[in-house]
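Please read the structure below before turning to the comments.
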Amino acid sequence: DEAVAAAERFGYPVVLKATADGLGHKSDIGGVRLGLYAADAVRRAHREIAAELRSRALPGAGTLVQPQREGGVELLVGVLRDPSWGPVLDIGLGGVWVEVLGDSVLRLLPADAAEVRDALGELRGAGLLAGARGTEPADLDRLSEVIARIGDMAVSLGTGLGELEVNPLLVRGSRVEALDALVVWH
């Protein structure tokens, strides 16, 4: 009932996601349901995700309801702590594309918005951000600022941060929105 109430507050369609302590990639356990357009679909998705979480006995298990976003370009923005180099910013096409295409660029942190903008231009998929085939071009200044701020935040978290990943970071024109994130602590 709480999931349905949240979905109705957001407006349909919505997405349901599994949450649990130590759960990194929700989709690996079938913990993401997209395109839910009605209360009965939300209830069914909630039951299925909750059953999967119970079967795995994951602590802190629950579900998260989010509005579904459509259009735009999905990016991955990650920060890794390299033992030799320190914090490193990783930018690539998001969602499953980063794994399928391997299209990403690295920058040492801290990196300002100008460095991030240059990095975005190095992606093989940079044309998607420029408005390929009539799609809305990304506001690269706004996007670069947001990514630089993610990098700054990761650095400010200190050496206890093992990894931070925002995937996807959705960009549509000047709208830049983190749709999912993962933080790993040492």
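Residues in the structure tokens are named by chain (A, B, ... in the order shown) and by number from 1 within that chain; ligands are numbered from 1 in the order shown.
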*Give me every strand (DSSP E or B) residue in chain A, going by DSSP on the backbone, as an NGL selection string.*
:A and (14-19 or 32-36 or 62-67 or 73-82 or 86-93 or 104-108 or 161-172 or 175-178 or 181-185)
Saved selection, atoms kept: C-alpha atoms, as an mmCIF file, in the first residue's frame:
```
data_model
loop_
_atom_site.group_PDB
_atom_site.id
_atom_site.type_symbol
_atom_site.label_atom_id
_atom_site.label_comp_id
_atom_site.auth_asym_id
_atom_site.auth_seq_id
_atom_site.Cartn_x
_atom_site.Cartn_y
_atom_site.Cartn_z
ATOM 1 C CA VAL A 14 7.118 4.493 -11.901
ATOM 2 C CA VAL A 15 10.064 2.224 -11.240
ATOM 3 C CA LEU A 16 10.451 -0.107 -8.247
ATOM 4 C CA LYS A 17 13.945 -1.012 -7.052
ATOM 5 C CA ALA A 18 15.234 -3.412 -4.428
ATOM 6 C CA THR A 19 17.198 -1.893 -1.560
ATOM 7 C CA VAL A 32 14.365 -3.512 -10.829
ATOM 8 C CA ARG A 33 10.904 -3.233 -12.397
ATOM 9 C CA LEU A 34 10.381 -0.560 -15.044
ATOM 10 C CA GLY A 35 7.269 0.794 -16.712
ATOM 11 C CA LEU A 36 4.736 0.337 -13.939
ATOM 12 C CA GLY A 62 13.008 -2.932 1.150
ATOM 13 C CA THR A 63 11.786 -1.358 -2.051
ATOM 14 C CA LEU A 64 12.191 2.120 -3.440
ATOM 15 C CA VAL A 65 9.611 3.797 -5.690
ATOM 16 C CA GLN A 66 10.839 6.386 -8.183
ATOM 17 C CA PRO A 67 9.246 8.252 -11.065
ATOM 18 C CA VAL A 73 21.177 10.277 -22.481
ATOM 19 C CA GLU A 74 22.255 8.046 -19.609
ATOM 20 C CA LEU A 75 25.795 8.414 -18.314
ATOM 21 C CA LEU A 76 27.849 6.670 -15.679
ATOM 22 C CA VAL A 77 29.886 8.834 -13.335
ATOM 23 C CA GLY A 78 32.124 6.875 -11.025
ATOM 24 C CA VAL A 79 34.902 7.605 -8.587
ATOM 25 C CA LEU A 80 37.418 4.927 -7.717
ATOM 26 C CA ARG A 81 40.301 5.160 -5.268
ATOM 27 C CA ASP A 82 43.410 3.932 -7.059
ATOM 28 C CA GLY A 86 44.225 8.410 -5.457
ATOM 29 C CA PRO A 87 40.678 9.304 -6.482
ATOM 30 C CA VAL A 88 39.950 8.832 -10.190
ATOM 31 C CA LEU A 89 36.843 10.047 -12.033
ATOM 32 C CA ASP A 90 35.347 7.640 -14.596
ATOM 33 C CA ILE A 91 32.791 9.001 -17.100
ATOM 34 C CA GLY A 92 31.029 6.896 -19.711
ATOM 35 C CA LEU A 93 27.759 6.052 -21.340
ATOM 36 C CA SER A 104 34.598 5.699 -20.828
ATOM 37 C CA VAL A 105 37.283 8.243 -19.973
ATOM 38 C CA LEU A 106 39.288 8.775 -16.791
ATOM 39 C CA ARG A 107 40.468 11.900 -15.011
ATOM 40 C CA LEU A 108 42.425 12.326 -11.803
ATOM 41 C CA LEU A 161 35.383 5.932 0.304
ATOM 42 C CA GLY A 162 36.183 2.903 -1.838
ATOM 43 C CA GLU A 163 33.891 3.623 -4.757
ATOM 44 C CA LEU A 164 31.057 5.935 -5.721
ATOM 45 C CA GLU A 165 28.975 5.317 -8.837
ATOM 46 C CA VAL A 166 26.054 7.298 -10.224
ATOM 47 C CA ASN A 167 24.493 5.142 -12.939
ATOM 48 C CA PRO A 168 22.530 6.345 -14.645
ATOM 49 C CA LEU A 169 23.045 10.078 -14.534
ATOM 50 C CA LEU A 170 20.315 11.207 -16.919
ATOM 51 C CA VAL A 171 20.876 14.332 -18.984
ATOM 52 C CA ARG A 172 18.153 15.895 -21.084
ATOM 53 C CA ARG A 175 18.110 18.743 -16.707
ATOM 54 C CA VAL A 176 20.695 16.494 -15.031
ATOM 55 C CA GLU A 177 19.354 13.906 -12.619
ATOM 56 C CA ALA A 178 20.929 11.017 -10.714
ATOM 57 C CA ALA A 181 23.844 5.510 -7.049
ATOM 58 C CA LEU A 182 26.133 3.078 -5.282
ATOM 59 C CA VAL A 183 28.611 3.900 -2.517
ATOM 60 C CA VAL A 184 31.167 1.399 -1.241
ATOM 61 C CA TRP A 185 33.145 2.124 1.919
#
```
_Long-range neighbours of segment 129-145 of chain A as a list in words, 8 Å cut-off, only C-alpha atoms, 4 positions minimum in chain_ =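 Listed by chain and then number, they are Gly72, Val73, Asp112, Ala113, Ala114, Val116, Arg117, Gly125, Arg149, Val171, Arg172, Gly173, Ser174 and Val176 of chain A.
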Would you put the residues from that selection into a file with N, CA, C and O atoms, as a PDB file, in the first residue's frame?
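Contents of part27.pdb, as written:
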```
ATOM      1  N   GLY A  72      16.464  11.458 -23.185  1.00  0.00           N
ATOM      2  CA  GLY A  72      17.757  11.902 -22.706  1.00  0.00           C
ATOM      3  C   GLY A  72      18.848  10.864 -22.922  1.00  0.00           C
ATOM      4  O   GLY A  72      18.652   9.837 -23.565  1.00  0.00           O
ATOM      5  N   VAL A  73      20.011  11.149 -22.374  1.00  0.00           N
ATOM      6  CA  VAL A  73      21.177  10.277 -22.481  1.00  0.00           C
ATOM      7  C   VAL A  73      21.575   9.858 -21.073  1.00  0.00           C
ATOM      8  O   VAL A  73      21.646  10.693 -20.168  1.00  0.00           O
ATOM      9  N   ASP A 112      38.033  20.100 -12.572  1.00  0.00           N
ATOM     10  CA  ASP A 112      37.035  21.162 -12.663  1.00  0.00           C
ATOM     11  C   ASP A 112      36.108  20.923 -13.857  1.00  0.00           C
ATOM     12  O   ASP A 112      36.291  19.982 -14.636  1.00  0.00           O
ATOM     13  N   ALA A 113      35.115  21.780 -13.997  1.00  0.00           N
ATOM     14  CA  ALA A 113      34.106  21.612 -15.043  1.00  0.00           C
ATOM     15  C   ALA A 113      34.725  21.644 -16.442  1.00  0.00           C
ATOM     16  O   ALA A 113      34.279  20.912 -17.328  1.00  0.00           O
ATOM     17  N   ALA A 114      35.761  22.452 -16.654  1.00  0.00           N
ATOM     18  CA  ALA A 114      36.405  22.513 -17.973  1.00  0.00           C
ATOM     19  C   ALA A 114      37.075  21.179 -18.309  1.00  0.00           C
ATOM     20  O   ALA A 114      36.985  20.693 -19.449  1.00  0.00           O
ATOM     21  N   VAL A 116      36.199  18.279 -17.124  1.00  0.00           N
ATOM     22  CA  VAL A 116      35.114  17.312 -17.345  1.00  0.00           C
ATOM     23  C   VAL A 116      34.531  17.486 -18.734  1.00  0.00           C
ATOM     24  O   VAL A 116      34.272  16.504 -19.436  1.00  0.00           O
ATOM     25  N   ARG A 117      34.356  18.721 -19.155  1.00  0.00           N
ATOM     26  CA  ARG A 117      33.801  18.965 -20.502  1.00  0.00           C
ATOM     27  C   ARG A 117      34.729  18.394 -21.573  1.00  0.00           C
ATOM     28  O   ARG A 117      34.267  17.790 -22.544  1.00  0.00           O
ATOM     29  N   GLY A 125      30.707   8.140 -27.755  1.00  0.00           N
ATOM     30  CA  GLY A 125      29.288   8.473 -27.796  1.00  0.00           C
ATOM     31  C   GLY A 125      29.002   9.952 -27.600  1.00  0.00           C
ATOM     32  O   GLY A 125      27.858  10.328 -27.338  1.00  0.00           O
ATOM     33  N   ARG A 149      31.056  18.415  -9.567  1.00  0.00           N
ATOM     34  CA  ARG A 149      30.591  18.450  -8.172  1.00  0.00           C
ATOM     35  C   ARG A 149      30.493  17.050  -7.579  1.00  0.00           C
ATOM     36  O   ARG A 149      30.768  16.859  -6.392  1.00  0.00           O
ATOM     37  N   VAL A 171      20.788  12.950 -18.522  1.00  0.00           N
ATOM     38  CA  VAL A 171      20.876  14.332 -18.984  1.00  0.00           C
ATOM     39  C   VAL A 171      19.919  14.503 -20.159  1.00  0.00           C
ATOM     40  O   VAL A 171      19.894  13.709 -21.091  1.00  0.00           O
ATOM     41  N   ARG A 172      19.116  15.537 -20.030  1.00  0.00           N
ATOM     42  CA  ARG A 172      18.153  15.895 -21.084  1.00  0.00           C
ATOM     43  C   ARG A 172      18.107  17.412 -21.123  1.00  0.00           C
ATOM     44  O   ARG A 172      17.498  18.044 -20.252  1.00  0.00           O
ATOM     45  N   GLY A 173      18.791  17.991 -22.101  1.00  0.00           N
ATOM     46  CA  GLY A 173      18.912  19.445 -22.142  1.00  0.00           C
ATOM     47  C   GLY A 173      19.707  19.917 -20.943  1.00  0.00           C
ATOM     48  O   GLY A 173      20.814  19.459 -20.692  1.00  0.00           O
ATOM     49  N   SER A 174      19.119  20.829 -20.145  1.00  0.00           N
ATOM     50  CA  SER A 174      19.802  21.325 -18.945  1.00  0.00           C
ATOM     51  C   SER A 174      19.411  20.541 -17.691  1.00  0.00           C
ATOM     52  O   SER A 174      19.932  20.802 -16.617  1.00  0.00           O
ATOM     53  N   VAL A 176      19.721  17.535 -15.358  1.00  0.00           N
ATOM     54  CA  VAL A 176      20.695  16.494 -15.031  1.00  0.00           C
ATOM     55  C   VAL A 176      20.223  15.866 -13.733  1.00  0.00           C
ATOM     56  O   VAL A 176      20.073  16.564 -12.723  1.00  0.00           O
TER      57      VAL A 176
END
```
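From atom CA of Ala154 of chain A back to atom CA of Ala126 of chain A, the distance works out to 24.3 Å.
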*Between atom CA of Val96 of chain A and atom CA of Arg56 of chain A, what is the distance, to one decimal in Å?*
24.0 Å
*Please indicate the distance in Å from atom CA of Ser156 of chain A to atom CA of Pro110 of chain A, rounded to one decimal place.*
10.1 Å
